[in-house]
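> Hey, dropping final.cif in here, mmCIF, C-alpha atoms:
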```cif
data_target
loop_
_atom_site.group_PDB
_atom_site.id
_atom_site.type_symbol
_atom_site.label_atom_id
_atom_site.label_comp_id
_atom_site.auth_asym_id
_atom_site.auth_seq_id
_atom_site.Cartn_x
_atom_site.Cartn_y
_atom_site.Cartn_z
ATOM 1 C CA MET O 1345 42.989 6.466 28.422
ATOM 2 C CA LYS O 1346 42.256 6.681 24.674
ATOM 3 C CA ASN O 1347 40.576 3.270 24.750
ATOM 4 C CA LEU O 1348 38.482 4.352 27.732
ATOM 5 C CA PHE O 1349 37.457 7.546 25.951
ATOM 6 C CA ARG O 1350 36.563 5.603 22.796
ATOM 7 C CA ALA O 1351 34.528 3.092 24.829
ATOM 8 C CA GLY O 1352 32.690 5.991 26.454
ATOM 9 C CA LYS O 1353 31.814 7.480 23.035
ATOM 10 C CA ILE O 1354 30.542 4.124 21.794
ATOM 11 C CA PHE O 1355 28.445 3.714 24.927
ATOM 12 C CA LEU O 1356 26.887 7.164 24.495
ATOM 13 C CA LEU O 1357 26.176 6.441 20.822
ATOM 14 C CA LEU O 1358 24.487 3.142 21.680
ATOM 15 C CA LEU O 1359 22.509 4.891 24.403
ATOM 16 C CA PHE O 1360 21.377 7.535 21.906
ATOM 17 C CA LEU O 1361 20.344 4.941 19.302
ATOM 18 C CA GLN O 1362 18.495 2.955 21.953
ATOM 19 C CA SER O 1363 16.641 6.071 23.100
ATOM 20 C CA GLN O 1364 15.615 6.753 19.480
ATOM 21 C CA LYS O 1365 14.337 3.195 19.199
ATOM 22 C CA ILE O 1366 12.329 3.553 22.419
ATOM 23 C CA ASP O 1367 10.881 6.890 21.250
ATOM 24 C CA ALA O 1368 9.858 5.295 17.936
ATOM 25 C CA GLN O 1369 8.151 2.472 19.801
ATOM 26 C CA ARG O 1370 6.194 4.938 21.913
ATOM 27 C CA LEU O 1371 5.262 7.275 19.071
ATOM 28 C CA PRO O 1372 2.019 6.537 17.222
ATOM 29 C CA ALA O 1373 2.649 5.682 13.588
ATOM 30 C CA ARG O 1374 -0.556 7.213 12.254
ATOM 31 C CA TRP O 1375 -0.289 10.871 11.255
ATOM 32 C CA ASP O 1376 -3.701 11.660 12.773
ATOM 33 C CA GLU O 1377 -2.766 10.129 16.137
ATOM 34 C CA LEU O 1378 0.443 12.123 16.631
ATOM 35 C CA THR O 1379 0.491 15.282 18.717
ATOM 36 C CA ALA O 1380 2.067 18.451 17.341
ATOM 37 C CA SER O 1381 4.636 18.346 20.148
ATOM 38 C CA ASP O 1382 5.815 14.918 18.920
ATOM 39 C CA TRP O 1383 6.022 15.898 15.250
ATOM 40 C CA ASP O 1384 9.774 16.502 15.148
ATOM 41 C CA LYS O 1385 10.385 13.251 17.021
ATOM 42 C CA ALA O 1386 8.278 11.398 14.439
ATOM 43 C CA LEU O 1387 10.185 13.012 11.576
ATOM 44 C CA GLN O 1388 13.498 11.949 13.057
ATOM 45 C CA ALA O 1389 12.361 8.457 14.075
ATOM 46 C CA SER O 1390 10.996 7.860 10.568
ATOM 47 C CA ASN O 1391 14.051 9.462 8.944
ATOM 48 C CA TYR O 1392 11.546 11.748 7.196
ATOM 49 C CA THR O 1393 9.633 8.808 5.696
ATOM 50 C CA CYS O 1394 5.856 8.759 5.259
ATOM 51 C CA ILE O 1395 3.657 5.945 3.988
ATOM 52 C CA LEU O 1396 0.677 6.804 1.787
ATOM 53 C CA PRO O 1397 -1.669 3.776 1.768
ATOM 54 C CA ILE O 1398 -4.096 4.013 -1.155
ATOM 55 C CA GLY O 1399 -7.256 1.938 -1.158
ATOM 56 C CA ILE O 1400 -10.589 2.451 -2.889
ATOM 57 C CA LEU O 1401 -14.301 2.292 -2.154
ATOM 58 C CA GLU O 1402 -15.840 -0.321 -4.456
ATOM 59 C CA LYS O 1403 -18.054 -3.373 -4.410
ATOM 60 C CA HIS O 1404 -16.265 -6.577 -3.418
ATOM 61 C CA GLY O 1405 -18.731 -9.217 -4.462
ATOM 62 C CA PRO O 1406 -21.800 -9.672 -2.259
ATOM 63 C CA HIS O 1407 -19.876 -10.715 0.837
ATOM 64 C CA VAL O 1408 -16.865 -8.539 1.756
ATOM 65 C CA PRO O 1409 -16.830 -4.810 2.636
ATOM 66 C CA ILE O 1410 -16.823 -1.982 0.131
ATOM 67 C CA GLY O 1411 -13.675 -0.690 1.837
ATOM 68 C CA SER O 1412 -11.778 -3.992 1.648
ATOM 69 C CA ASP O 1413 -8.826 -2.491 -0.245
ATOM 70 C CA LEU O 1414 -8.649 0.355 2.251
ATOM 71 C CA ILE O 1415 -8.789 -2.032 5.208
ATOM 72 C CA ARG O 1416 -6.018 -4.180 3.767
ATOM 73 C CA VAL O 1417 -3.524 -1.352 3.105
ATOM 74 C CA ARG O 1418 -4.361 0.207 6.461
ATOM 75 C CA GLU O 1419 -3.473 -3.058 8.172
ATOM 76 C CA TYR O 1420 -0.345 -3.601 6.078
ATOM 77 C CA ALA O 1421 0.941 -0.189 7.123
ATOM 78 C CA ALA O 1422 -0.032 -0.585 10.785
ATOM 79 C CA ARG O 1423 1.695 -3.954 11.091
ATOM 80 C CA ALA O 1424 4.787 -3.061 9.070
ATOM 81 C CA THR O 1425 5.438 0.125 11.043
ATOM 82 C CA GLN O 1426 5.592 -1.950 14.205
ATOM 83 C CA LYS O 1427 8.667 -3.570 12.657
ATOM 84 C CA ALA O 1428 10.109 -0.427 11.019
ATOM 85 C CA TYR O 1429 8.821 2.955 12.148
ATOM 86 C CA ALA O 1430 7.425 5.416 9.635
ATOM 87 C CA VAL O 1431 4.534 7.847 9.747
ATOM 88 C CA VAL O 1432 1.350 6.605 8.074
ATOM 89 C CA PHE O 1433 -0.901 9.086 6.283
ATOM 90 C CA PRO O 1434 -4.630 8.729 7.149
ATOM 91 C CA ASP O 1435 -7.020 6.662 5.037
ATOM 92 C CA TYR O 1436 -6.827 7.640 1.365
ATOM 93 C CA PHE O 1437 -9.408 6.245 -1.055
ATOM 94 C CA TYR O 1438 -9.255 8.615 -4.017
ATOM 95 C CA GLY O 1439 -8.019 6.353 -6.788
ATOM 96 C CA GLN O 1440 -9.221 5.100 -10.174
ATOM 97 C CA ILE O 1441 -12.446 3.067 -10.089
ATOM 98 C CA ASN O 1442 -14.490 4.086 -13.139
ATOM 99 C CA GLU O 1443 -15.019 0.442 -14.144
ATOM 100 C CA ALA O 1444 -17.289 -0.122 -11.122
ATOM 101 C CA ARG O 1445 -19.518 2.966 -11.332
ATOM 102 C CA HIS O 1446 -22.550 0.781 -12.068
ATOM 103 C CA GLN O 1447 -22.320 -0.774 -8.570
ATOM 104 C CA PRO O 1448 -23.539 0.606 -5.219
ATOM 105 C CA GLY O 1449 -21.126 2.255 -2.803
ATOM 106 C CA VAL O 1450 -18.461 3.053 -5.410
ATOM 107 C CA PHE O 1451 -16.657 6.383 -4.943
ATOM 108 C CA ALA O 1452 -15.298 7.447 -8.341
ATOM 109 C CA LEU O 1453 -13.963 10.975 -8.711
ATOM 110 C CA LYS O 1454 -13.243 12.704 -12.018
ATOM 111 C CA GLU O 1455 -9.799 12.003 -13.428
ATOM 112 C CA ARG O 1456 -8.501 15.569 -12.964
ATOM 113 C CA VAL O 1457 -9.592 15.577 -9.315
ATOM 114 C CA VAL O 1458 -7.897 12.206 -8.677
ATOM 115 C CA TRP O 1459 -4.632 13.446 -10.182
ATOM 116 C CA ASP O 1460 -4.647 16.869 -8.542
ATOM 117 C CA LEU O 1461 -5.530 15.418 -5.156
ATOM 118 C CA LEU O 1462 -2.702 12.880 -5.295
ATOM 119 C CA GLU O 1463 -0.233 15.574 -6.329
ATOM 120 C CA ALA O 1464 -1.430 18.019 -3.678
ATOM 121 C CA THR O 1465 -1.341 15.303 -1.006
ATOM 122 C CA CYS O 1466 2.284 14.423 -1.763
ATOM 123 C CA ASP O 1467 3.227 18.108 -1.821
ATOM 124 C CA GLU O 1468 1.550 18.654 1.554
ATOM 125 C CA ILE O 1469 3.207 15.592 3.055
ATOM 126 C CA ALA O 1470 6.551 17.060 1.952
ATOM 127 C CA ARG O 1471 5.675 20.529 3.251
ATOM 128 C CA ASN O 1472 5.242 18.934 6.662
ATOM 129 C CA GLY O 1473 8.858 17.802 6.641
ATOM 130 C CA PHE O 1474 8.896 14.418 4.901
ATOM 131 C CA LYS O 1475 11.454 13.738 2.187
ATOM 132 C CA LYS O 1476 10.443 10.181 1.279
ATOM 133 C CA ILE O 1477 6.907 9.016 0.472
ATOM 134 C CA ILE O 1478 6.154 5.312 0.062
ATOM 135 C CA ILE O 1479 2.895 4.544 -1.729
ATOM 136 C CA ILE O 1480 1.317 1.188 -0.947
ATOM 137 C CA ASN O 1481 -1.692 0.195 -3.001
ATOM 138 C CA GLY O 1482 -4.587 -2.164 -2.376
ATOM 139 C CA HIS O 1483 -6.580 -1.740 -5.604
ATOM 140 C CA GLY O 1484 -5.894 -3.501 -8.911
ATOM 141 C CA GLY O 1485 -7.037 -0.495 -10.948
ATOM 142 C CA ASN O 1486 -4.435 1.889 -9.491
ATOM 143 C CA PRO O 1487 -0.900 0.730 -10.483
ATOM 144 C CA GLU O 1488 -0.864 2.390 -13.921
ATOM 145 C CA LEU O 1489 -2.018 5.664 -12.360
ATOM 146 C CA ILE O 1490 0.583 5.456 -9.585
ATOM 147 C CA ARG O 1491 3.495 4.573 -11.856
ATOM 148 C CA TYR O 1492 2.695 7.388 -14.273
ATOM 149 C CA PHE O 1493 2.230 9.827 -11.396
ATOM 150 C CA ILE O 1494 5.650 8.918 -9.996
ATOM 151 C CA GLN O 1495 7.264 9.242 -13.417
ATOM 152 C CA THR O 1496 5.838 12.758 -13.773
ATOM 153 C CA ARG O 1497 7.661 13.830 -10.609
ATOM 154 C CA LEU O 1498 10.536 14.348 -13.044
ATOM 155 C CA GLU O 1499 8.678 17.167 -14.800
ATOM 156 C CA GLN O 1500 9.992 19.681 -12.283
ATOM 157 C CA PRO O 1501 12.276 19.644 -9.234
ATOM 158 C CA HIS O 1502 10.881 18.332 -5.953
ATOM 159 C CA ASN O 1503 12.469 18.246 -2.523
ATOM 160 C CA TYR O 1504 11.079 14.768 -1.939
ATOM 161 C CA ALA O 1505 11.028 11.360 -3.619
ATOM 162 C CA VAL O 1506 8.058 9.054 -4.163
ATOM 163 C CA TYR O 1507 8.489 5.274 -4.030
ATOM 164 C CA PHE O 1508 5.952 2.610 -5.044
ATOM 165 C CA PHE O 1509 6.013 -0.550 -2.939
ATOM 166 C CA GLU O 1510 5.233 -3.667 -4.995
ATOM 167 C CA PRO O 1511 5.669 -7.031 -3.213
ATOM 168 C CA HIS O 1512 7.069 -10.005 -5.101
ATOM 169 C CA SER O 1513 6.547 -13.750 -4.789
ATOM 170 C CA ASP O 1514 9.322 -16.249 -4.225
ATOM 171 C CA SER O 1515 9.196 -20.022 -4.688
ATOM 172 C CA VAL O 1516 8.753 -20.811 -0.980
ATOM 173 C CA TYR O 1517 5.792 -18.450 -0.679
ATOM 174 C CA LEU O 1518 4.213 -19.754 -3.891
ATOM 175 C CA GLN O 1519 4.436 -23.332 -2.642
ATOM 176 C CA GLN O 1520 2.656 -22.342 0.574
ATOM 177 C CA LEU O 1521 0.048 -20.431 -1.417
ATOM 178 C CA ILE O 1522 -0.666 -23.373 -3.725
ATOM 179 C CA LYS O 1523 -1.005 -25.674 -0.745
ATOM 180 C CA LEU O 1524 -3.661 -23.498 0.925
ATOM 181 C CA HIS O 1525 -5.469 -22.186 -2.173
ATOM 182 C CA GLN O 1526 -8.579 -24.163 -3.151
ATOM 183 C CA SER O 1527 -9.948 -22.350 -6.223
ATOM 184 C CA PRO O 1528 -8.232 -21.735 -9.612
ATOM 185 C CA ILE O 1529 -5.511 -19.162 -8.866
ATOM 186 C CA ASN O 1530 -5.563 -17.566 -12.323
ATOM 187 C CA GLY O 1531 -9.261 -16.677 -11.921
ATOM 188 C CA ASP O 1532 -8.879 -15.247 -8.418
ATOM 189 C CA MET O 1533 -8.764 -11.516 -9.149
ATOM 190 C CA HIS O 1534 -11.345 -9.565 -7.148
ATOM 191 C CA ALA O 1535 -13.228 -10.474 -3.952
ATOM 192 C CA GLY O 1536 -12.298 -14.076 -4.599
ATOM 193 C CA GLU O 1537 -10.507 -16.529 -2.362
ATOM 194 C CA ASN O 1538 -7.426 -14.367 -1.744
ATOM 195 C CA GLU O 1539 -9.089 -11.077 -0.845
ATOM 196 C CA THR O 1540 -11.842 -12.753 1.125
ATOM 197 C CA SER O 1541 -9.242 -14.749 3.066
ATOM 198 C CA GLU O 1542 -7.388 -11.566 4.000
ATOM 199 C CA LEU O 1543 -10.583 -10.007 5.328
ATOM 200 C CA LEU O 1544 -11.424 -13.216 7.191
ATOM 201 C CA TYR O 1545 -8.037 -12.929 8.865
ATOM 202 C CA LEU O 1546 -8.067 -9.161 9.452
ATOM 203 C CA ARG O 1547 -11.738 -8.323 10.070
ATOM 204 C CA PRO O 1548 -13.822 -11.527 10.207
ATOM 205 C CA GLU O 1549 -16.800 -9.695 11.706
ATOM 206 C CA LEU O 1550 -17.238 -7.775 8.426
ATOM 207 C CA VAL O 1551 -17.337 -10.814 6.132
ATOM 208 C CA LYS O 1552 -20.635 -12.471 5.171
ATOM 209 C CA MET O 1553 -19.516 -15.874 3.985
ATOM 210 C CA ASP O 1554 -23.095 -17.099 3.598
ATOM 211 C CA SER O 1555 -23.515 -14.494 0.816
ATOM 212 C CA ALA O 1556 -20.393 -15.413 -1.172
ATOM 213 C CA LYS O 1557 -22.355 -17.604 -3.605
ATOM 214 C CA ASN O 1558 -25.249 -15.197 -4.066
ATOM 215 C CA GLU O 1559 -23.598 -13.850 -7.226
ATOM 216 C CA SER O 1560 -21.280 -15.372 -9.774
ATOM 217 C CA GLY O 1561 -17.609 -14.450 -9.966
ATOM 218 C CA LYS O 1562 -17.033 -16.383 -13.186
ATOM 219 C CA ASN O 1563 -15.435 -14.848 -16.251
ATOM 220 C CA LEU O 1564 -18.155 -14.298 -18.901
ATOM 221 C CA ASN O 1565 -15.553 -13.834 -21.685
ATOM 222 C CA ARG O 1566 -17.756 -11.352 -23.522
ATOM 223 C CA TRP O 1567 -14.899 -9.357 -25.060
ATOM 224 C CA HIS O 1568 -11.587 -10.438 -26.517
ATOM 225 C CA ILE O 1569 -9.431 -8.891 -29.217
ATOM 226 C CA PRO O 1570 -5.862 -10.233 -29.245
ATOM 227 C CA ASN O 1571 -3.113 -7.745 -28.339
ATOM 228 C CA VAL O 1572 -5.597 -4.923 -27.741
ATOM 229 C CA TYR O 1573 -6.689 -3.125 -24.566
ATOM 230 C CA THR O 1574 -9.920 -1.197 -24.006
ATOM 231 C CA ALA O 1575 -11.580 0.237 -20.912
ATOM 232 C CA ILE O 1576 -14.708 -1.925 -21.006
ATOM 233 C CA TRP O 1577 -12.835 -5.249 -20.765
ATOM 234 C CA TRP O 1578 -13.381 -5.660 -17.033
ATOM 235 C CA TYR O 1579 -17.106 -4.973 -17.172
ATOM 236 C CA ALA O 1580 -17.418 -7.291 -20.170
ATOM 237 C CA ASP O 1581 -15.876 -10.194 -18.276
ATOM 238 C CA PHE O 1582 -17.037 -9.457 -14.706
ATOM 239 C CA PRO O 1583 -20.214 -7.324 -14.682
ATOM 240 C CA ASN O 1584 -20.908 -8.326 -11.062
ATOM 241 C CA HIS O 1585 -17.557 -6.773 -10.082
ATOM 242 C CA TYR O 1586 -16.621 -10.110 -8.600
ATOM 243 C CA ALA O 1587 -13.893 -12.381 -9.970
ATOM 244 C CA GLY O 1588 -13.200 -15.638 -8.179
ATOM 245 C CA GLU O 1589 -14.723 -17.895 -5.548
ATOM 246 C CA GLY O 1590 -14.936 -16.112 -2.237
ATOM 247 C CA ASP O 1591 -16.678 -19.041 -0.583
ATOM 248 C CA LYS O 1592 -13.373 -20.981 -0.657
ATOM 249 C CA ALA O 1593 -11.623 -18.445 1.593
ATOM 250 C CA THR O 1594 -9.924 -19.355 4.875
ATOM 251 C CA PRO O 1595 -8.264 -17.308 7.652
ATOM 252 C CA ALA O 1596 -5.138 -19.475 7.264
ATOM 253 C CA LEU O 1597 -4.691 -18.343 3.666
ATOM 254 C CA GLY O 1598 -5.403 -14.771 4.723
ATOM 255 C CA LYS O 1599 -2.670 -14.913 7.359
ATOM 256 C CA LEU O 1600 -0.152 -16.148 4.783
ATOM 257 C CA LEU O 1601 -1.081 -13.398 2.316
ATOM 258 C CA VAL O 1602 -1.021 -10.593 4.877
ATOM 259 C CA ASN O 1603 2.235 -11.623 6.546
ATOM 260 C CA HIS O 1604 3.911 -11.987 3.156
ATOM 261 C CA VAL O 1605 3.106 -8.359 2.289
ATOM 262 C CA VAL O 1606 3.814 -6.979 5.769
ATOM 263 C CA ASP O 1607 7.271 -8.568 5.983
ATOM 264 C CA GLN O 1608 8.267 -7.207 2.589
ATOM 265 C CA LEU O 1609 6.812 -3.786 3.380
ATOM 266 C CA ALA O 1610 8.802 -3.603 6.612
ATOM 267 C CA ASP O 1611 11.968 -4.424 4.647
ATOM 268 C CA ALA O 1612 11.072 -1.769 2.072
ATOM 269 C CA ILE O 1613 10.564 0.856 4.799
ATOM 270 C CA LYS O 1614 13.978 0.070 6.263
ATOM 271 C CA ALA O 1615 15.580 0.334 2.825
ATOM 272 C CA VAL O 1616 13.872 3.629 1.978
ATOM 273 C CA LYS O 1617 14.757 5.119 5.370
ATOM 274 C CA ALA O 1618 18.386 4.234 4.729
ATOM 275 C CA ASP O 1619 18.313 5.453 1.108
ATOM 276 C CA THR O 1620 20.830 8.220 0.433
ATOM 277 C CA THR O 1621 20.854 7.835 -3.348
ATOM 278 C CA THR O 1622 17.451 8.717 -4.811
ATOM 279 C CA ILE O 1623 17.162 12.395 -3.900
ATOM 280 C CA PRO O 1624 20.796 13.261 -4.826
ATOM 281 C CA LEU O 1625 20.236 11.548 -8.179
ATOM 282 C CA GLN O 1626 17.047 13.566 -8.691
ATOM 283 C CA ASN O 1627 18.983 16.750 -7.937
ATOM 284 C CA GLU O 1628 21.739 15.720 -10.361
ATOM 285 C CA PHE O 1629 19.110 14.987 -13.026
ATOM 286 C CA PHE O 1630 17.561 18.454 -12.729
ATOM 287 C CA GLU O 1631 20.942 20.128 -12.770
ATOM 288 C CA ARG O 1632 21.526 18.488 -16.144
ATOM 289 C CA VAL O 1633 18.018 19.410 -17.333
ATOM 290 C CA ARG O 1634 18.703 23.078 -16.528
ATOM 291 C CA LYS O 1635 21.934 22.998 -18.546
#
```
Here is the file; what I need is its structure written in the form of C-alpha cells.

Amino acid sequence: MKNLFRAGKIFLLLLFLQSQKIDAQRLPARWDELTASDWDKALQASNYTCILPIGILEKHGPHVPIGSDLIRVREYAARATQKAYAVVFPDYFYGQINEARHQPGVFALKERVVWDLLEATCDEIARNGFKKIIIINGHGGNPELIRYFIQTRLEQPHNYAVYFFEPHSDSVYLQQLIKLHQSPINGDMHAGENETSELLYLRPELVKMDSAKNESGKNLNRWHIPNVYTAIWWYADFPNHYAGEGDKATPALGKLLVNHVVDQLADAIKAVKADTTTIPLQNEFFERVRK
C-alpha cells in the first residue's frame, strides 16, 4: 500500500511538472505579448526570471540596419526562450553610443539619462514580480557600463539580482569559425563579416550586400599611445563607424554565430532559474554591511 501511495505521489508530481512545461510552451515569452491574466503563470514558469536584451541604434557600415544590435539580441532571446522559458523585456536601445554621434540614425542619450533609465527599468521589472534579471548585450560599447551598473547594485539592498550573460568560445567552435571566416578575424569588429553574416541569417531582406564596399572598414591607425585609453580612439581608427569586411559575409557563418550564442544563453537561463545562491548571498552581504 505504501509503495502504491508513493507511486501515486510521484505520478501527480510528474503530471504537475508536465503541466507547467505545457503552460510555459503556450505562454508568450515577450513581456508585451503576455496578457495580465497570464502574468502569474509567466512568473512561475520563468521562476521569476526576466531577460533584458540591450541593443543600440547606430550606423552599421553602409549595408546593414541601424538596429542590427537590437535585432540580434531580440533574436537571441526569442530563440533561447524556446529552449528555456523566461520573460523577455521589450526592445531596449538606451545604451552608450557617444562614439558614433557623427553618423546618421544614432540615438545617443546623455549619460545620466542612460544610467537612470537602466536603473529604473530594473527596479520596475522587479516591482512586477521578477527576482532575477539577465542582461544580454549586442553592442560593443556597452559592457563596461553594464558591469559597473551591476556592481553598483551592492550600494543598497535590492530584492532582485542582475546577471550579465557573456558567451565564451571553445576550441570546437573556434575551429568551425576559422573554417567559415574569410576576412582577418582580428579586424572584424563592427558591421564586418561576423555581424553582417548574422543579419544575413536572421533578416536577409534588410541587408544590402551590394553596398558593403561603398565605404572602407579598414583601421586608419590615426591614434596610438601604448598602455593608454582615451575616448576618441574608435573614431580615430574607424571614422566610418565600420570595422571589417562585410562583403565577405555568408548566412552559413551567421547561423554558426547565432546558434553558438543561443545555445549558451539557453543554458544560462536554466542555470539562473535554478540559482538559489545569489540572492541569499546578497542578503548576507547587506546584513554584514549594516553591522
> What would the list of residues within 10 Å of (5.9, 11.4, 16.8) (file frame) look like as a list in words, if all atoms listed in the file are what count?
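Output of the proximity query reads Asp1367, Ala1368, Gln1369, Arg1370, Leu1371, Pro1372, Ala1373, Arg1374, Trp1375, Glu1377, Leu1378, Thr1379, Ala1380, Ser1381, Asp1382, Trp1383, Asp1384, Lys1385, Ala1386, Leu1387, Gln1388, Ala1389, Ser1390, Ala1430 and Val1431 of chain O.
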> Please indicate the distance in Å from atom CA of Pro1434 of chain O to atom CA of Arg1418 of chain O, rounded to one decimal place.
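One can read the atom CA of Pro1434 of chain O to atom CA of Arg1418 of chain O distance as 8.6 Å.
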> At a cut-off of 8 Å, using only C-alpha atoms, what residues contact segment 1435-1451 of chain O? Leave out same-chain residues fewer than 6 positions from it and give the result as a PyMOL selection string.
chain O and resi 1396-1403+1410+1414+1418+1458+1461-1462+1485-1486+1489+1575-1576+1578-1579+1585
> Give me the residues near segment 1507-1512 of chain O as a list of chain:residue names, where near means some atom within 7 Å (using all atoms listed in the file) and where sequence neighbours in that chain fewer than 6 positions away do not count.
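Near neighbours after the sequence-gap exclusion: O:Ile1477, O:Ile1478, O:Ile1479, O:Ile1480, O:Val1605, O:Gln1608.
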> Find the residues around Lys1552 of chain O up to 9 Å (only C-alpha atoms counted), leave out those fewer than 4 positions away in its own chain, and share them as a VMD selection string.
chain O and resid 1406 to 1409 1548 1556
> Calculated over only C-alpha atoms, which of the candidates O:Asp1376, O:Glu1559, O:Asp1413, O:Asp1460 has the smallest distance to Phe1433 of chain O?
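Going through O:Asp1376, O:Glu1559, O:Asp1413, O:Asp1460 one by one, the smallest distance to Phe1433 of chain O is for O:Asp1376.
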> Which residues match the PyMOL selection byres ((chain O and resi 1529-1544) around 6) in the file above, as number ranges by chain?
O: 1404-1405, 1528, 1545-1548, 1586-1590, 1592-1595, 1597-1598
> Between O:Val1633, O:Ile1395, O:Ala1428, O:Ala1470, which one has atoms that come closest to Leu1498 of chain O, using all atoms listed in the file?
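Nearest candidate to Leu1498 of chain O out of O:Val1633, O:Ile1395, O:Ala1428, O:Ala1470: O:Val1633.
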> Just how far from atom CA of Gln1426 of chain O is atom CA of Ala1596 of chain O, in Å to one decimal?
21.7 Å
> Return as AutoDock Vina command-line options the box centre and box size in Å, one decimal, for an axis-aligned box around all listed atoms of segment 1384-1394 of chain O padded by 8 Å per side.

```
--center_x 10.0 --center_y 12.2 --center_z 11.1 --size_x 24.2 --size_y 24.6 --size_z 27.8
```
> Nearest to Leu1625 of chain O among O:Trp1567, O:Tyr1504, O:Trp1577, O:Phe1474, with distances taken over only C-alpha atoms: which residue is it?
O:Tyr1504
> Name the closest residue to Ala1610 of chain O among the candidates O:Gln1526, O:Thr1425, O:Ser1513, O:Asn1391; distances are taken between atoms, counting only C-alpha atoms.
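Smallest separation from Ala1610 of chain O among the options: O:Thr1425.
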> So the first atom is atom CA of Phe1493 of chain O and the second is atom CA of Cys1466 of chain O; what is the distance between them in Å, to one decimal place?
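Taking atom CA of Phe1493 of chain O as the start and atom CA of Cys1466 of chain O as the end point, the length is 10.7 Å.
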> Which residues, written as a ChimeraX atom specification, have at least one atom at most 12 Å from Phe1629 of chain O, with only C-alpha atoms counted and residues fewer than 6 positions away on the same chain left out?
/O:1497-1502,1622-1623,1635
> Only C-alpha atoms, as a PDB file, in the first residue's frame: that is what I want for segment 1595-1631 of chain O.

```
ATOM      1  CA  PRO O1595      24.429  33.032 -43.996  1.00  0.00           C
ATOM      2  CA  ALA O1596      26.332  29.858 -43.034  1.00  0.00           C
ATOM      3  CA  LEU O1597      28.688  31.837 -40.807  1.00  0.00           C
ATOM      4  CA  GLY O1598      25.726  33.752 -39.413  1.00  0.00           C
ATOM      5  CA  LYS O1599      23.968  30.520 -38.465  1.00  0.00           C
ATOM      6  CA  LEU O1600      27.064  29.298 -36.613  1.00  0.00           C
ATOM      7  CA  LEU O1601      27.422  32.580 -34.712  1.00  0.00           C
ATOM      8  CA  VAL O1602      23.754  32.837 -33.761  1.00  0.00           C
ATOM      9  CA  ASN O1603      23.348  29.215 -32.680  1.00  0.00           C
ATOM     10  CA  HIS O1604      26.520  29.433 -30.600  1.00  0.00           C
ATOM     11  CA  VAL O1605      25.089  32.347 -28.594  1.00  0.00           C
ATOM     12  CA  VAL O1606      21.547  30.956 -28.392  1.00  0.00           C
ATOM     13  CA  ASP O1607      22.671  27.576 -27.036  1.00  0.00           C
ATOM     14  CA  GLN O1608      24.794  29.197 -24.346  1.00  0.00           C
ATOM     15  CA  LEU O1609      22.049  31.678 -23.481  1.00  0.00           C
ATOM     16  CA  ALA O1610      19.535  28.862 -23.048  1.00  0.00           C
ATOM     17  CA  ASP O1611      21.972  27.120 -20.685  1.00  0.00           C
ATOM     18  CA  ALA O1612      22.476  30.379 -18.784  1.00  0.00           C
ATOM     19  CA  ILE O1613      18.707  30.861 -18.401  1.00  0.00           C
ATOM     20  CA  LYS O1614      18.350  27.354 -16.987  1.00  0.00           C
ATOM     21  CA  ALA O1615      21.199  27.983 -14.549  1.00  0.00           C
ATOM     22  CA  VAL O1616      19.834  31.343 -13.393  1.00  0.00           C
ATOM     23  CA  LYS O1617      16.323  29.928 -12.967  1.00  0.00           C
ATOM     24  CA  ALA O1618      17.769  27.205 -10.762  1.00  0.00           C
ATOM     25  CA  ASP O1619      20.033  29.607  -8.837  1.00  0.00           C
ATOM     26  CA  THR O1620      19.317  29.635  -5.104  1.00  0.00           C
ATOM     27  CA  THR O1621      22.628  31.186  -4.066  1.00  0.00           C
ATOM     28  CA  THR O1622      22.932  34.735  -5.412  1.00  0.00           C
ATOM     29  CA  ILE O1623      20.079  36.480  -3.605  1.00  0.00           C
ATOM     30  CA  PRO O1624      20.770  34.824  -0.200  1.00  0.00           C
ATOM     31  CA  LEU O1625      24.412  35.873  -0.551  1.00  0.00           C
ATOM     32  CA  GLN O1626      23.322  39.435  -1.349  1.00  0.00           C
ATOM     33  CA  ASN O1627      21.135  39.425   1.760  1.00  0.00           C
ATOM     34  CA  GLU O1628      24.017  38.074   3.857  1.00  0.00           C
ATOM     35  CA  PHE O1629      26.305  40.779   2.441  1.00  0.00           C
ATOM     36  CA  PHE O1630      23.927  43.583   3.435  1.00  0.00           C
ATOM     37  CA  GLU O1631      23.409  42.122   6.875  1.00  0.00           C
TER      38      GLU O1631
END
```
